[in-house]
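Quick notes on the structure that follows.
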Amino acid sequence: MPVISNRVQCLVTGEQTLRFVNLCRNNGIELRHLIRKENAIQMEIDAKNFKKLRPLVRKTHVKIHILDRQGPAFFFYRHRRRWWFLIGAAVCTGIIYVMSLFIWQIDIDGNSKYTDELILQALAQMNVKTGCQKSEIDLPRIEEELRIMYNEITWVSASITGTKLQIELREGDLKISGSSGGDQTGNVKRVENQEDSPKTQNGESETDLPANLVTAEDALITNLVVRRGTAAVRYGDEVKKGDVLIEGKVYIYNEDETLKKVDYLTADGDIEGRYQQNYEKNYQREHVVRDYDGKSWKTYGFEIGDKNFQLPSWQNFFGQNSDGDLTEIWFWKKKFRLTPTFYLPFSLLYTEYVPYKNVMEDYTDEELKQIAEKELQKYLHELEKKGVQIISNSVTISLDAGGGHAKGVLTLNGPIGKEVPIRSQQMAWNTGEF
Amino acid sequence: MKQHKKFVQNQVQTHFSQKEKKKYPFLKIALATFLQVPDETLAALPVFYGVGRHRLRVENYSSVQSYQEEKIVLLCPKMVVTIVGKKLQITCINEDEVVIEGVIRKIEYQ
């Protein structure tokens with residue numbers, strides 16, 4: 001028995017009801033859900049077999065009373081006058097099917113350096129935007145083009161589910177290995193796609209150029225591990241800013257210990273040193289606070305595809321909001337969807353305007369102190385995340401009528417090396433800049 | 001063959017009466033066992049599939065002789081089967097099988 005079939009529920013009365021059941025069975029008519037009543041049997045039978053009952057009814061002299069008719073044929077016949085409803089349902093189904101052939105939502109995930117708008121602009125250049133047909137989208141091409149356009153993107157995955165285009169990215173990772181990139185990011189070595197790294201006139205990548213590791217601070221060497229190059233300092237040495245820590249060259253000697261040649265390479269290693277850093281920050285007591293004293297108002301609108309329609313707000317009509325008043329604008333957009341991946345090209349827009357005035361207020365001593373403490377802790381936490389160890393902290397917070405000052409010296413232990421290309425260093429020697 | 005016939009006869013010796021033994025197709029059962037085919041294919045016996053106490057499917061029956069909520073009597077080849085219980089209902093009846101649902105207390109063979 002198929003799940004959706006036309007069935008008839010009937011009541012068979014008479015004296016030979018059982019004979020009728022047996023005759024149905026012998027004639028290949030299936031009966032279901034037989035319920036014994038007093039002198040009758042209630043049963044369910046397929047509508048197409050109902051016509052075959054006539055000779056059996058005549059034979060057994062039973063009476064058949066139809067109790068119910070179920071199934072799609074009976075449903076459509078019962079609602080045959082409501083044909084507009086059926087046409088509307090069919091048209092609605094057709095519209096939903098047609099809408100499922102287009103992309104109505106683009107989600108971008110995994111990006112931090114490149115904003116969503118930038119990625120969407122790049123996709124628009126490839127004619128991929130909301131409202132474009134799914135059949136016109138070439139997913140491998142999108143992945144390739146995005147990787148070519150942006151150097152920092154190392155992996156892209158584009159997929160279509162429902163009416164949503166999902167773009168997942170992975171941007172270039174930063175790994176630590178002893179050379180700090182100018183702003184002491186701890187043990188960080190920049191890893192890039194070598195094919196995309198800038199090339200010199202000889203065709204070499206800049207990252208392959210010979211370079212020394214020089215110190216970025218006046219420090220005392222506490223840890224020294226050389227992976228490539230020749231060490232120029234030892235454990236416990238005191239170095240000044242700009243001193244070479246690891247030379248980007250390897251001396252090759254003959255058998256009689258005379259210098260044969262010098263090979264230049266990019267120095268690599270882990271060098272940590274103890275150094276001091278001044279910490280100074282000033283805080284103003286006076287600050288601006290927003291006072292939300294006015295009444296907020298809201299506007300509604302809807303979006304179809306790319307077109308926005310805003311319903312007029314009565315505040316605009318009656319001029320309640322005057323020019324020059326400061327207003328915070330909060331905007332929500334709710335996109336309609338049938339399922340988590342089947343988005344529709346309709347959105348509801350809701351905008352709330354909250355007027356405010358800027359008021360000058362003073363921090364209390366307690367508040368100033370808390371702010372200074374919090375910022376100091378945040379700075380120290382950032383340093384620890386970069387692999388820097390804090391040996392001592394002599395920062396003090398002082399307060400006066402004008403504001404607060406946090407000043408002191410931090411003794412730190414962390415990576416101190418940075419790469420300096422040998423060529424540029426030699427140029428700097430020549431010009432006396434270094 | 002003879003061994004199989006003897007085996008089947010010994011199995012039912014204590015349980016079947018003389019009259020029943022004459023009706024029962026021992027030879028066909030023995031042949032089916034010998035040929036390693038299901039008994040019902042050669043012996044035309046009814047087959048019962050039961051699910052717990054609430055559902056029973058009977059294949060290879062002739063007709064329904066009586067149908068009440070407490071008792072259903074089926075005419076099968078070589079025997080009459082009475083199903084006794086409460087709230088018995090025939091869920092499906094067609095050429096091949098009949099499905100009976102309800103609280104089945106006992107099944108009697110005559």
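By order in the structure tokens, chains are A, B, ...; within a chain, residues start at 1; ligands start at 1, following the order shown.
Counting only C-alpha atoms, every residue of chain B that comes within 7 Å of chain A is listed here: Ser63, Val64, Gln68, Glu69, Gln89, Ile90, Thr91, Cys92, Ile93, Asn94 and Glu95 of chain B.
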Using only C-alpha atoms, which residues sit within 8 Å of Lys78 (chain B) once same-chain residues fewer than 2 positions away are excluded, as number ranges by chain? B: 23-24, 45, 76, 80
Please list as a PyMOL selection string every residue within 7 Å of region 139-149 of chain A, counting only C-alpha atoms and excluding residues in the same chain fewer than 3 positions away. chain A and resi 153-154+156-159
DSSP strand (DSSP E or B) residues within region 384-430 of chain A, as a list of chain:residue names: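 Result set for region 384-430 of chain A (strand (DSSP E or B)): A:Gln389, A:Ile390, A:Ile391, A:Ser392, A:Asn393, A:Thr396, A:Ile397, A:Ser398, A:Leu399, A:Gly403, A:Gly404, A:His405, A:Ala406, A:Lys407, A:Gly408, A:Val409, A:Leu410, A:Thr411, A:Leu412, A:Asn413, A:Gly414, A:Pro415, A:Gly417, A:Lys418, A:Glu419, A:Val420, A:Pro421.
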Who sits within 12 Å of Gly85 (chain B), only C-alpha atoms, same chain under 4 positions skipped, as number ranges by chain: B: 53-56, 67-73, 89, 100-108
Residues from last step as file, C-alpha atoms, as an mmCIF file, in the first residue's frame:
data_model
loop_
_atom_site.group_PDB
_atom_site.id
_atom_site.type_symbol
_atom_site.label_atom_id
_atom_site.label_comp_id
_atom_site.auth_asym_id
_atom_site.auth_seq_id
_atom_site.Cartn_x
_atom_site.Cartn_y
_atom_site.Cartn_z
ATOM 1 C CA ARG B 53 1.905 -10.908 22.133
ATOM 2 C CA HIS B 54 0.347 -8.161 20.148
ATOM 3 C CA ARG B 55 0.772 -9.064 16.474
ATOM 4 C CA LEU B 56 0.461 -12.246 14.484
ATOM 5 C CA TYR B 67 -14.266 -12.965 13.574
ATOM 6 C CA GLN B 68 -14.965 -11.565 17.004
ATOM 7 C CA GLU B 69 -13.077 -9.328 19.375
ATOM 8 C CA GLU B 70 -12.257 -12.269 21.656
ATOM 9 C CA LYS B 71 -11.842 -15.037 19.085
ATOM 10 C CA ILE B 72 -10.761 -15.345 15.476
ATOM 11 C CA VAL B 73 -11.014 -18.679 13.706
ATOM 12 C CA GLN B 89 -8.550 -6.840 15.158
ATOM 13 C CA ILE B 100 -4.061 -9.903 13.498
ATOM 14 C CA GLU B 101 -3.371 -7.370 16.235
ATOM 15 C CA GLY B 102 -4.534 -7.248 19.804
ATOM 16 C CA VAL B 103 -3.824 -8.978 23.093
ATOM 17 C CA ILE B 104 -3.282 -12.610 22.090
ATOM 18 C CA ARG B 105 -3.774 -15.095 24.901
ATOM 19 C CA LYS B 106 -3.531 -18.389 23.087
ATOM 20 C CA ILE B 107 -3.456 -20.074 19.715
ATOM 21 C CA GLU B 108 -5.286 -23.380 19.347
#
Do you have the CA of Leu67 (chain A)-CA of Val58 (chain B) distance handy?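 Atom-to-atom, CA of Leu67 (chain A) to CA of Val58 (chain B), that is 28.6 Å.
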